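Pasted below: my_file.cif, mmCIF, C-alpha atoms.
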data_my_file
#
loop_
_atom_site.group_PDB
_atom_site.id
_atom_site.type_symbol
_atom_site.label_atom_id
_atom_site.label_comp_id
_atom_site.auth_asym_id
_atom_site.auth_seq_id
_atom_site.Cartn_x
_atom_site.Cartn_y
_atom_site.Cartn_z
ATOM 1 C CA MET A 169 112.766 132.352 97.768
ATOM 2 C CA GLY A 170 112.543 130.916 101.238
ATOM 3 C CA VAL A 171 110.353 131.056 104.308
ATOM 4 C CA LEU A 172 107.118 133.053 104.007
ATOM 5 C CA ARG A 173 105.483 132.812 107.431
ATOM 6 C CA MET A 174 104.381 130.509 110.223
ATOM 7 C CA GLY A 175 102.204 127.718 108.827
ATOM 8 C CA HIS A 176 101.002 125.658 111.763
ATOM 9 C CA ALA A 177 101.741 124.357 115.233
ATOM 10 C CA SER A 178 101.102 120.792 116.372
ATOM 11 C CA LEU A 179 100.272 120.545 120.087
ATOM 12 C CA ARG A 180 99.823 117.630 122.458
ATOM 13 C CA VAL A 181 96.688 117.866 124.588
ATOM 14 C CA MET A 182 95.442 115.579 127.351
ATOM 15 C CA ASP A 183 91.696 116.048 126.808
ATOM 16 C CA ILE A 184 90.934 116.464 123.124
ATOM 17 C CA ASP A 185 87.299 117.477 123.609
ATOM 18 C CA ALA A 186 88.163 120.134 126.186
ATOM 19 C CA ALA A 187 90.960 121.406 123.956
ATOM 20 C CA VAL A 188 88.686 121.703 120.925
ATOM 21 C CA ARG A 189 86.105 123.614 122.988
ATOM 22 C CA HIS A 190 88.832 125.987 124.182
ATOM 23 C CA TYR A 191 90.223 126.774 120.749
ATOM 24 C CA GLU A 192 86.768 127.056 119.184
ATOM 25 C CA ASP A 193 84.818 128.853 121.927
ATOM 26 C CA VAL A 194 87.507 131.034 123.538
ATOM 27 C CA LEU A 195 89.722 131.847 120.562
ATOM 28 C CA GLY A 196 87.210 131.390 117.749
ATOM 29 C CA LEU A 197 88.988 128.836 115.569
ATOM 30 C CA LYS A 198 86.996 126.451 113.384
ATOM 31 C CA THR A 199 87.546 122.702 113.100
ATOM 32 C CA THR A 200 88.192 121.809 109.467
ATOM 33 C CA MET A 201 88.917 118.080 109.754
ATOM 34 C CA ARG A 202 89.656 115.119 112.013
ATOM 35 C CA ASP A 203 91.753 112.080 111.133
ATOM 36 C CA LYS A 204 91.512 108.406 112.050
ATOM 37 C CA ASN A 205 94.094 108.832 114.823
ATOM 38 C CA GLY A 206 91.932 111.343 116.670
ATOM 39 C CA ASN A 207 93.926 114.430 115.654
ATOM 40 C CA VAL A 208 91.893 117.595 115.161
ATOM 41 C CA TYR A 209 92.806 120.307 112.630
ATOM 42 C CA LEU A 210 91.630 123.912 113.038
ATOM 43 C CA LYS A 211 91.982 127.287 111.334
ATOM 44 C CA CYS A 212 91.278 130.948 112.090
ATOM 45 C CA TRP A 213 88.714 132.912 110.069
ATOM 46 C CA ASP A 214 91.268 135.126 108.301
ATOM 47 C CA GLU A 215 93.522 132.253 107.194
ATOM 48 C CA TRP A 216 93.241 130.700 103.754
ATOM 49 C CA ASP A 217 95.037 127.365 104.151
ATOM 50 C CA LYS A 218 93.112 124.408 105.565
ATOM 51 C CA TYR A 219 94.571 124.497 109.072
ATOM 52 C CA SER A 220 97.072 126.259 111.301
ATOM 53 C CA LEU A 221 96.662 124.218 114.485
ATOM 54 C CA ILE A 222 96.826 120.460 115.029
ATOM 55 C CA LEU A 223 95.672 119.017 118.349
ATOM 56 C CA THR A 224 97.039 115.552 119.137
ATOM 57 C CA PRO A 225 95.644 113.374 121.964
ATOM 58 C CA SER A 226 98.395 112.579 124.463
ATOM 59 C CA ASP A 227 99.115 111.931 128.122
ATOM 60 C CA ARG A 228 101.187 115.127 128.361
ATOM 61 C CA ALA A 229 101.036 118.660 127.025
ATOM 62 C CA GLY A 230 103.602 120.333 124.799
ATOM 63 C CA LEU A 231 104.770 120.912 121.257
ATOM 64 C CA ASN A 232 105.103 118.187 118.642
ATOM 65 C CA HIS A 233 106.463 120.471 115.955
ATOM 66 C CA VAL A 234 106.201 123.927 114.477
ATOM 67 C CA ALA A 235 105.955 124.402 110.708
ATOM 68 C CA TYR A 236 106.721 127.318 108.417
ATOM 69 C CA LYS A 237 105.533 127.741 104.858
ATOM 70 C CA VAL A 238 108.057 128.426 102.084
ATOM 71 C CA GLU A 239 107.383 130.205 98.823
ATOM 72 C CA LYS A 240 108.097 127.479 96.261
ATOM 73 C CA GLU A 241 108.381 123.708 96.156
ATOM 74 C CA GLU A 242 111.989 123.915 94.955
ATOM 75 C CA ASP A 243 112.868 125.994 98.026
ATOM 76 C CA LEU A 244 112.607 122.800 100.078
ATOM 77 C CA ASP A 245 115.481 121.250 98.136
ATOM 78 C CA VAL A 246 117.622 124.375 98.409
ATOM 79 C CA LEU A 247 116.995 124.673 102.135
ATOM 80 C CA GLN A 248 117.590 120.969 102.721
ATOM 81 C CA LYS A 249 121.097 121.362 101.303
ATOM 82 C CA ARG A 250 121.705 124.515 103.350
ATOM 83 C CA ILE A 251 120.599 122.829 106.558
ATOM 84 C CA GLU A 252 122.662 119.711 105.961
ATOM 85 C CA ASP A 253 125.719 121.792 104.989
ATOM 86 C CA TYR A 254 125.271 123.559 108.343
ATOM 87 C CA GLY A 255 125.626 120.177 110.039
ATOM 88 C CA ILE A 256 122.010 119.358 110.848
ATOM 89 C CA SER A 257 120.450 116.159 109.501
ATOM 90 C CA THR A 258 117.095 116.353 107.714
ATOM 91 C CA GLU A 259 114.318 114.094 106.504
ATOM 92 C CA MET A 260 112.038 114.823 103.547
ATOM 93 C CA LEU A 261 108.581 113.559 104.437
ATOM 94 C CA PRO A 262 106.412 112.600 101.446
ATOM 95 C CA GLU A 263 103.246 114.411 100.406
ATOM 96 C CA GLY A 264 100.336 113.358 102.591
ATOM 97 C CA SER A 265 102.414 112.737 105.704
ATOM 98 C CA LEU A 266 100.060 115.335 107.132
ATOM 99 C CA PRO A 267 96.590 115.615 105.584
ATOM 100 C CA SER A 268 96.135 118.168 102.809
ATOM 101 C CA THR A 269 99.847 119.068 102.908
ATOM 102 C CA GLY A 270 102.645 118.515 100.412
ATOM 103 C CA ARG A 271 106.053 117.134 101.228
ATOM 104 C CA MET A 272 107.709 118.494 104.341
ATOM 105 C CA LEU A 273 111.335 119.039 105.281
ATOM 106 C CA LYS A 274 111.778 117.845 108.873
ATOM 107 C CA PHE A 275 114.746 118.680 111.127
ATOM 108 C CA LEU A 276 115.665 119.641 114.688
ATOM 109 C CA LEU A 277 116.759 123.115 115.681
ATOM 110 C CA PRO A 278 119.984 123.296 117.725
ATOM 111 C CA SER A 279 117.726 123.531 120.795
ATOM 112 C CA GLY A 280 116.117 120.179 119.954
ATOM 113 C CA HIS A 281 112.715 121.523 118.848
ATOM 114 C CA GLU A 282 111.269 119.866 115.769
ATOM 115 C CA MET A 283 110.666 122.219 112.852
ATOM 116 C CA ARG A 284 109.145 121.480 109.475
ATOM 117 C CA LEU A 285 109.067 123.425 106.235
ATOM 118 C CA TYR A 286 106.504 122.908 103.502
ATOM 119 C CA ALA A 287 105.382 124.678 100.326
ATOM 120 C CA THR A 288 101.821 123.487 99.724
ATOM 121 C CA LYS A 289 98.701 123.024 101.802
ATOM 122 C CA GLU A 290 95.116 122.742 100.626
ATOM 123 C CA TYR A 291 93.587 126.164 99.970
ATOM 124 C CA VAL A 292 90.112 126.686 101.452
ATOM 125 C CA GLY A 293 89.917 130.493 101.599
ATOM 126 C CA THR A 294 89.120 132.929 104.383
ATOM 127 C CA GLU A 295 85.671 133.177 105.936
ATOM 128 C CA VAL A 296 84.986 136.435 104.044
ATOM 129 C CA GLY A 297 86.354 135.395 100.664
ATOM 130 C CA THR A 298 88.307 137.498 98.179
ATOM 131 C CA VAL A 299 85.552 139.264 96.191
ATOM 132 C CA ASN A 300 83.976 142.317 97.842
ATOM 133 C CA PRO A 301 84.733 140.907 101.298
ATOM 134 C CA ASP A 302 83.236 142.144 104.552
ATOM 135 C CA PRO A 303 85.742 143.221 107.238
ATOM 136 C CA TRP A 304 84.774 140.256 109.407
ATOM 137 C CA PRO A 305 82.396 137.293 109.102
ATOM 138 C CA ASP A 306 79.099 136.810 110.902
ATOM 139 C CA GLY A 307 78.891 134.147 113.571
ATOM 140 C CA LEU A 308 82.389 134.531 115.014
ATOM 141 C CA LYS A 309 82.904 132.784 118.338
ATOM 142 C CA GLY A 310 84.917 133.997 121.285
ATOM 143 C CA ALA A 311 87.780 136.383 120.682
ATOM 144 C CA GLY A 312 87.612 135.908 116.904
ATOM 145 C CA VAL A 313 91.386 135.774 116.382
ATOM 146 C CA HIS A 314 92.581 136.464 112.837
ATOM 147 C CA TRP A 315 95.501 134.079 112.413
ATOM 148 C CA LEU A 316 98.235 132.081 114.110
ATOM 149 C CA ASP A 317 100.921 134.726 114.418
ATOM 150 C CA HIS A 318 104.077 133.343 116.021
ATOM 151 C CA CYS A 319 105.524 131.020 118.622
ATOM 152 C CA LEU A 320 108.042 131.397 121.419
ATOM 153 C CA LEU A 321 110.290 128.431 122.164
ATOM 154 C CA MET A 322 112.142 127.928 125.436
ATOM 155 C CA CYS A 323 115.775 126.952 124.921
ATOM 156 C CA GLU A 324 118.308 125.557 127.355
ATOM 157 C CA LEU A 325 120.563 128.325 128.674
ATOM 158 C CA ASN A 326 123.383 127.523 131.089
ATOM 159 C CA PRO A 327 126.359 129.865 130.596
ATOM 160 C CA GLU A 328 128.368 128.109 133.331
ATOM 161 C CA LYS A 329 128.324 124.944 131.209
ATOM 162 C CA GLY A 330 128.785 126.837 127.968
ATOM 163 C CA ILE A 331 125.236 126.098 126.776
ATOM 164 C CA ASN A 332 123.257 128.818 125.033
ATOM 165 C CA HIS A 333 120.702 127.404 122.620
ATOM 166 C CA VAL A 334 119.084 130.842 122.303
ATOM 167 C CA ALA A 335 122.237 132.040 120.561
ATOM 168 C CA ASP A 336 122.584 128.766 118.651
ATOM 169 C CA ASN A 337 119.020 128.904 117.314
ATOM 170 C CA THR A 338 119.355 132.586 116.471
ATOM 171 C CA LYS A 339 122.529 131.983 114.460
ATOM 172 C CA PHE A 340 120.912 129.091 112.580
ATOM 173 C CA MET A 341 117.739 131.030 111.757
ATOM 174 C CA GLN A 342 119.769 133.979 110.456
ATOM 175 C CA GLU A 343 122.452 132.133 108.522
ATOM 176 C CA VAL A 344 120.402 129.264 107.105
ATOM 177 C CA LEU A 345 116.733 130.322 106.938
ATOM 178 C CA ASP A 346 117.355 134.051 106.335
ATOM 179 C CA PHE A 347 115.390 135.354 109.307
ATOM 180 C CA PHE A 348 116.516 138.751 110.614
ATOM 181 C CA LEU A 349 116.993 139.732 114.247
ATOM 182 C CA VAL A 350 114.488 142.325 115.449
ATOM 183 C CA GLU A 351 114.947 142.528 119.239
ATOM 184 C CA GLN A 352 117.059 140.882 121.917
ATOM 185 C CA ILE A 353 117.564 140.721 125.666
ATOM 186 C CA VAL A 354 121.178 140.532 126.770
ATOM 187 C CA VAL A 355 122.446 139.700 130.265
ATOM 188 C CA GLY A 356 125.696 138.894 132.004
ATOM 189 C CA PRO A 357 128.999 140.771 131.991
ATOM 190 C CA GLU A 358 128.755 143.661 129.509
ATOM 191 C CA GLY A 359 125.651 142.082 127.979
ATOM 192 C CA SER A 360 127.653 139.154 126.650
ATOM 193 C CA VAL A 361 124.864 136.552 126.931
ATOM 194 C CA LYS A 362 121.888 136.469 124.554
ATOM 195 C CA ALA A 363 119.018 135.522 126.864
ATOM 196 C CA ALA A 364 116.159 136.051 124.391
ATOM 197 C CA THR A 365 115.743 136.934 120.733
ATOM 198 C CA TRP A 366 112.875 137.874 118.417
ATOM 199 C CA LEU A 367 113.258 137.178 114.695
ATOM 200 C CA ALA A 368 111.155 137.824 111.606
ATOM 201 C CA ARG A 369 110.709 136.957 107.954
ATOM 202 C CA THR A 370 107.648 139.164 107.474
ATOM 203 C CA SER A 371 107.022 142.804 108.400
ATOM 204 C CA THR A 372 105.608 141.984 111.863
ATOM 205 C CA PRO A 373 107.805 142.310 114.970
ATOM 206 C CA HIS A 374 108.422 138.566 115.164
ATOM 207 C CA ASP A 375 107.574 135.295 113.475
ATOM 208 C CA ILE A 376 109.484 133.254 116.045
ATOM 209 C CA ALA A 377 111.194 133.973 119.355
ATOM 210 C CA PHE A 378 113.606 132.148 121.668
ATOM 211 C CA VAL A 379 113.998 132.589 125.423
ATOM 212 C CA GLY A 380 116.506 130.896 127.695
ATOM 213 C CA GLY A 381 115.484 128.536 130.473
ATOM 214 C CA PRO A 382 116.576 125.385 132.305
ATOM 215 C CA ARG A 383 115.194 123.056 129.598
ATOM 216 C CA MET A 384 113.722 123.160 126.113
ATOM 217 C CA GLY A 385 109.968 123.432 125.628
ATOM 218 C CA LEU A 386 107.079 125.523 124.359
ATOM 219 C CA HIS A 387 106.436 128.867 125.985
ATOM 220 C CA HIS A 388 103.443 129.880 123.869
ATOM 221 C CA ILE A 389 101.707 130.043 120.525
ATOM 222 C CA ALA A 390 100.171 133.418 119.675
ATOM 223 C CA PHE A 391 97.091 134.506 117.747
ATOM 224 C CA PHE A 392 96.654 137.958 116.210
ATOM 225 C CA LEU A 393 93.994 140.533 117.071
ATOM 226 C CA ASP A 394 93.592 144.027 115.610
ATOM 227 C CA SER A 395 93.445 146.318 118.603
ATOM 228 C CA TRP A 396 93.504 146.959 122.348
ATOM 229 C CA GLU A 397 89.684 146.947 122.285
ATOM 230 C CA ASP A 398 89.700 143.473 120.723
ATOM 231 C CA LEU A 399 92.138 142.367 123.397
ATOM 232 C CA LEU A 400 89.820 143.580 126.166
ATOM 233 C CA LYS A 401 86.938 141.686 124.574
ATOM 234 C CA ALA A 402 89.166 138.591 124.528
ATOM 235 C CA ALA A 403 89.763 139.033 128.264
ATOM 236 C CA ASP A 404 85.990 139.192 128.813
ATOM 237 C CA VAL A 405 85.569 135.980 126.804
ATOM 238 C CA MET A 406 88.214 134.289 128.927
ATOM 239 C CA GLY A 407 86.411 135.431 132.057
ATOM 240 C CA LYS A 408 83.116 134.025 130.807
ATOM 241 C CA HIS A 409 84.750 130.669 130.087
ATOM 242 C CA ARG A 410 86.795 130.629 133.315
ATOM 243 C CA THR A 411 89.985 130.412 131.271
ATOM 244 C CA LYS A 412 93.146 130.530 133.389
ATOM 245 C CA ILE A 413 94.880 133.840 132.621
ATOM 246 C CA ASP A 414 98.617 134.017 133.179
ATOM 247 C CA ALA A 415 99.274 137.718 132.565
ATOM 248 C CA GLY A 416 97.498 140.733 131.112
ATOM 249 C CA PRO A 417 95.846 142.483 129.480
ATOM 250 C CA THR A 418 99.002 144.547 129.296
ATOM 251 C CA ARG A 419 101.655 145.799 126.918
ATOM 252 C CA HIS A 420 105.074 144.507 125.960
ATOM 253 C CA GLY A 421 108.108 146.724 125.736
ATOM 254 C CA VAL A 422 109.609 144.203 123.336
ATOM 255 C CA THR A 423 107.587 144.391 120.063
ATOM 256 C CA ARG A 424 105.260 147.082 121.566
ATOM 257 C CA GLY A 425 102.391 144.603 121.235
ATOM 258 C CA ALA A 426 99.388 144.415 123.559
ATOM 259 C CA THR A 427 98.970 140.983 125.090
ATOM 260 C CA ILE A 428 97.126 138.453 127.211
ATOM 261 C CA TYR A 429 98.769 135.163 128.179
ATOM 262 C CA PHE A 430 96.515 132.281 129.187
ATOM 263 C CA PHE A 431 96.409 128.485 129.188
ATOM 264 C CA ASP A 432 94.483 125.853 127.290
ATOM 265 C CA PRO A 433 92.951 123.051 129.414
ATOM 266 C CA SER A 434 96.135 120.956 129.116
ATOM 267 C CA GLY A 435 98.418 123.784 130.252
ATOM 268 C CA ASN A 436 99.790 124.886 126.877
ATOM 269 C CA ARG A 437 100.242 128.650 127.070
ATOM 270 C CA ASN A 438 98.442 130.760 124.454
ATOM 271 C CA GLU A 439 98.725 134.460 123.683
ATOM 272 C CA THR A 440 96.402 136.937 122.038
ATOM 273 C CA PHE A 441 98.720 139.520 120.485
ATOM 274 C CA ALA A 442 97.224 142.792 119.286
ATOM 275 C CA GLY A 443 98.544 145.521 117.061
ATOM 276 C CA LEU A 444 101.322 145.791 114.495
ATOM 277 C CA GLY A 445 103.801 147.169 117.030
ATOM 278 C CA TYR A 446 106.098 148.534 114.316
ATOM 279 C CA LEU A 447 107.252 147.849 110.779
ATOM 280 C CA ALA A 448 109.923 145.168 110.937
ATOM 281 C CA GLN A 449 112.433 145.234 108.083
ATOM 282 C CA PRO A 450 115.870 143.641 107.613
ATOM 283 C CA ASP A 451 117.550 147.062 107.753
ATOM 284 C CA ARG A 452 115.757 148.160 110.921
ATOM 285 C CA PRO A 453 118.235 148.620 113.797
ATOM 286 C CA VAL A 454 118.090 145.784 116.317
ATOM 287 C CA THR A 455 116.430 146.815 119.583
ATOM 288 C CA THR A 456 118.351 145.676 122.671
ATOM 289 C CA TRP A 457 116.991 145.367 126.218
ATOM 290 C CA THR A 458 119.533 145.183 129.011
ATOM 291 C CA GLU A 459 119.405 143.052 132.145
ATOM 292 C CA ASP A 460 118.355 145.929 134.404
ATOM 293 C CA ARG A 461 115.305 146.630 132.200
ATOM 294 C CA LEU A 462 114.532 143.020 131.283
ATOM 295 C CA TRP A 463 111.087 142.932 132.890
ATOM 296 C CA SER A 464 110.113 146.278 131.351
ATOM 297 C CA GLY A 465 110.759 144.607 128.034
ATOM 298 C CA ILE A 466 108.370 141.797 128.929
ATOM 299 C CA PHE A 467 105.706 143.729 130.877
ATOM 300 C CA TYR A 468 106.187 147.408 130.119
ATOM 301 C CA HIS A 469 103.524 148.867 132.415
ATOM 302 C CA THR A 470 104.846 147.422 135.665
ATOM 303 C CA GLY A 471 108.376 146.361 134.806
ATOM 304 C CA GLU A 472 108.071 143.880 137.649
ATOM 305 C CA ALA A 473 109.499 140.371 137.698
ATOM 306 C CA MET A 474 107.088 137.477 137.295
ATOM 307 C CA PRO A 475 109.307 134.378 137.601
ATOM 308 C CA SER A 476 106.489 131.938 136.797
ATOM 309 C CA PHE A 477 106.281 133.496 133.336
ATOM 310 C CA THR A 478 109.625 131.961 132.390
ATOM 311 C CA ASP A 479 109.612 129.011 134.799
ATOM 312 C CA VAL A 480 106.248 127.499 133.777
ATOM 313 C CA TYR A 481 105.979 126.022 130.286
ATOM 314 C CA THR A 482 105.270 122.759 128.478
#

File written out as structure tokens:
Amino acid sequence: MGVLRMGHASLRVMDIDAAVRHYEDVLGLKTTMRDKNGNVYLKCWDEWDKYSLILTPSDRAGLNHVAYKVEKEEDLDVLQKRIEDYGISTEMLPEGSLPSTGRMLKFLLPSGHEMRLYATKEYVGTEVGTVNPDPWPDGLKGAGVHWLDHCLLMCELNPEKGINHVADNTKFMQEVLDFFLVEQIVVGPEGSVKAATWLARTSTPHDIAFVGGPRMGLHHIAFFLDSWEDLLKAADVMGKHRTKIDAGPTRHGVTRGATIYFFDPSGNRNETFAGLGYLAQPDRPVTTWTEDRLWSGIFYHTGEAMPSFTDVYT
């Protein structure tokens, strides 16, 4: 019962054509449909549901909502009661509110980010199928990312005013949606302030993460690659397309993953995240990074501060 994995992210983009070219040509996603409002729906080659990314024309960049898939239709009713008993109002959107998707449970996280849960989305299959499949399909574009892996949300953090939405979101995800805490960064006197957390429902190092900042927003959405070699190829693709790279290729201390951060044409940060990192399980001890080693947790090779990494987001 409950949340399975990340299902999709809905992003605002300021130039829909440029955005589609970026996600198709640099990352390797495929457009599966467009609607009458100009929204574009895309999927990765190793995903089986109809889409994992929605691009919405807008005059500003950022996140509309993030959605997670649950195991069964009845889970939506159980989780709606849990969420409302926790003190958060919800809305059950009818089937078809998004194309090819069943009913969705809509609510706001304590940080103010919109989250949705759903159980059904049209099945279209992976690009290699399920009978005697090849390891990868012919004709892949760009980096050829496998799937939408996770997102990192920026949450207001102001200890002087008693505001810590990183801690608030973390508590909600654990107590209501049954995520488990994998890693954390703690700061302040005796590590009393949760500044960042990484949580999972699957066996990967994180399915969602929260980092503190001056305001709420989207830090990045991340797409999975197999290996360091695939990551280097992705960097070459970005170079060919003159994609603005933010950081990397490098390695995280947190999660142990290899990474490149870069921006879509509207300024939404993307990540290519490579490697399993480690087996995440509910009984795995929580890894804690302290304030003096904070930047080693983020960029392990240099351990050097890069303030724009946490200051710049949509």

Taking (88.8, 130.5, 107.6) in the file's own coordinates, collect the residues within 6 Å, counting all atoms listed in the file, and hand them back as a PyMOL selection string. chain A and resi 211-216+294-295

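For the pair CA of Phe430 in chain A and CA of His333 in chain A, the separation is 25.5 Å.
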
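For the residues A:Met272, A:Met283, A:Ile428, A:Val350, ranking by smallest atom-to-atom distance to Asp404 in chain A using only C-alpha atoms places A:Ile428 first.
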
Between CA of Trp304 in chain A and CA of Gly421 in chain A, what distance in Å does the model show, to one decimal? 29.2 Å

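Distances to Thr372 in chain A were evaluated for A:Ile466, A:Leu277, A:Val208, A:Leu447 using all atoms listed in the file, and the minimum falls at A:Leu447.
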
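Using all atoms listed in the file, the nearest neighbour of Asp227 in chain A within the list A:Ser434, A:Asp243, A:Thr258, A:Phe340 is A:Ser434.
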
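For the choices A:Tyr209, A:Lys401, A:Asp302, A:Leu320, the atom-to-atom distance to Ile376 in chain A is smallest for A:Leu320 when using all atoms listed in the file.
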
With all atoms listed in the file as the counted atoms, please give the residues lying no more than 10 Å from Asn207 in chain A, apart from itself and same-chain residues fewer than 6 positions off, as a list in words. Ser178, Leu179, Arg180, Val181, Ile184, Met201, Ile222, Leu223, Thr224 and Pro225 of chain A

Go ahead and write the residues just picked, C-alpha atoms, as an mmCIF file, keeping the file's coordinate frame.
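The resulting file, part.cif, is shown below:
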data_model
loop_
_atom_site.group_PDB
_atom_site.id
_atom_site.type_symbol
_atom_site.label_atom_id
_atom_site.label_comp_id
_atom_site.auth_asym_id
_atom_site.auth_seq_id
_atom_site.Cartn_x
_atom_site.Cartn_y
_atom_site.Cartn_z
ATOM 1 C CA SER A 178 101.102 120.792 116.372
ATOM 2 C CA LEU A 179 100.272 120.545 120.087
ATOM 3 C CA ARG A 180 99.823 117.630 122.458
ATOM 4 C CA VAL A 181 96.688 117.866 124.588
ATOM 5 C CA ILE A 184 90.934 116.464 123.124
ATOM 6 C CA MET A 201 88.917 118.080 109.754
ATOM 7 C CA ILE A 222 96.826 120.460 115.029
ATOM 8 C CA LEU A 223 95.672 119.017 118.349
ATOM 9 C CA THR A 224 97.039 115.552 119.137
ATOM 10 C CA PRO A 225 95.644 113.374 121.964
#

Since the input lacks some atoms of range 403-416 of chain A, please model N, CA, C and O atoms and print them as a PDB file, keeping the file's coordinate frame.
ATOM      1  N   ALA A 403      89.675 139.248 126.819  1.00  0.00           N
ATOM      2  CA  ALA A 403      89.763 139.033 128.264  1.00  0.00           C
ATOM      3  C   ALA A 403      88.382 138.746 128.852  1.00  0.00           C
ATOM      4  O   ALA A 403      88.231 137.884 129.730  1.00  0.00           O
ATOM      5  N   ASP A 404      87.356 139.456 128.354  1.00  0.00           N
ATOM      6  CA  ASP A 404      85.990 139.192 128.813  1.00  0.00           C
ATOM      7  C   ASP A 404      85.563 137.771 128.457  1.00  0.00           C
ATOM      8  O   ASP A 404      84.939 137.070 129.261  1.00  0.00           O
ATOM      9  N   VAL A 405      85.902 137.341 127.237  1.00  0.00           N
ATOM     10  CA  VAL A 405      85.569 135.980 126.804  1.00  0.00           C
ATOM     11  C   VAL A 405      86.243 134.963 127.715  1.00  0.00           C
ATOM     12  O   VAL A 405      85.629 133.969 128.134  1.00  0.00           O
ATOM     13  N   MET A 406      87.498 135.203 128.040  1.00  0.00           N
ATOM     14  CA  MET A 406      88.214 134.289 128.927  1.00  0.00           C
ATOM     15  C   MET A 406      87.557 134.246 130.298  1.00  0.00           C
ATOM     16  O   MET A 406      87.456 133.178 130.926  1.00  0.00           O
ATOM     17  N   GLY A 407      87.111 135.409 130.778  1.00  0.00           N
ATOM     18  CA  GLY A 407      86.411 135.431 132.057  1.00  0.00           C
ATOM     19  C   GLY A 407      85.131 134.623 132.018  1.00  0.00           C
ATOM     20  O   GLY A 407      84.815 133.885 132.958  1.00  0.00           O
ATOM     21  N   LYS A 408      84.380 134.758 130.951  1.00  0.00           N
ATOM     22  CA  LYS A 408      83.116 134.025 130.807  1.00  0.00           C
ATOM     23  C   LYS A 408      83.351 132.511 130.801  1.00  0.00           C
ATOM     24  O   LYS A 408      82.528 131.750 131.316  1.00  0.00           O
ATOM     25  N   HIS A 409      84.463 132.100 130.208  1.00  0.00           N
ATOM     26  CA  HIS A 409      84.750 130.669 130.087  1.00  0.00           C
ATOM     27  C   HIS A 409      85.658 130.155 131.202  1.00  0.00           C
ATOM     28  O   HIS A 409      86.079 128.994 131.158  1.00  0.00           O
ATOM     29  N   ARG A 410      85.942 131.001 132.187  1.00  0.00           N
ATOM     30  CA  ARG A 410      86.795 130.629 133.315  1.00  0.00           C
ATOM     31  C   ARG A 410      88.158 130.112 132.843  1.00  0.00           C
ATOM     32  O   ARG A 410      88.715 129.160 133.381  1.00  0.00           O
ATOM     33  N   THR A 411      88.667 130.760 131.796  1.00  0.00           N
ATOM     34  CA  THR A 411      89.985 130.412 131.271  1.00  0.00           C
ATOM     35  C   THR A 411      91.060 130.925 132.222  1.00  0.00           C
ATOM     36  O   THR A 411      90.974 132.057 132.710  1.00  0.00           O
ATOM     37  N   LYS A 412      92.073 130.125 132.481  1.00  0.00           N
ATOM     38  CA  LYS A 412      93.146 130.530 133.389  1.00  0.00           C
ATOM     39  C   LYS A 412      94.050 131.540 132.691  1.00  0.00           C
ATOM     40  O   LYS A 412      94.758 131.202 131.735  1.00  0.00           O
ATOM     41  N   ILE A 413      94.036 132.788 133.173  1.00  0.00           N
ATOM     42  CA  ILE A 413      94.880 133.840 132.621  1.00  0.00           C
ATOM     43  C   ILE A 413      96.201 133.879 133.368  1.00  0.00           C
ATOM     44  O   ILE A 413      96.244 133.840 134.597  1.00  0.00           O
ATOM     45  N   ASP A 414      97.274 133.968 132.613  1.00  0.00           N
ATOM     46  CA  ASP A 414      98.617 134.017 133.179  1.00  0.00           C
ATOM     47  C   ASP A 414      99.062 135.452 133.423  1.00  0.00           C
ATOM     48  O   ASP A 414      99.587 135.785 134.481  1.00  0.00           O
ATOM     49  N   ALA A 415      98.852 136.318 132.442  1.00  0.00           N
ATOM     50  CA  ALA A 415      99.274 137.718 132.565  1.00  0.00           C
ATOM     51  C   ALA A 415      98.496 138.570 131.578  1.00  0.00           C
ATOM     52  O   ALA A 415      98.204 138.148 130.465  1.00  0.00           O
ATOM     53  N   GLY A 416      98.158 139.791 131.988  1.00  0.00           N
ATOM     54  CA  GLY A 416      97.498 140.733 131.112  1.00  0.00           C
ATOM     55  C   GLY A 416      96.030 140.900 131.443  1.00  0.00           C
ATOM     56  O   GLY A 416      95.534 140.281 132.388  1.00  0.00           O
TER      57      GLY A 416
END
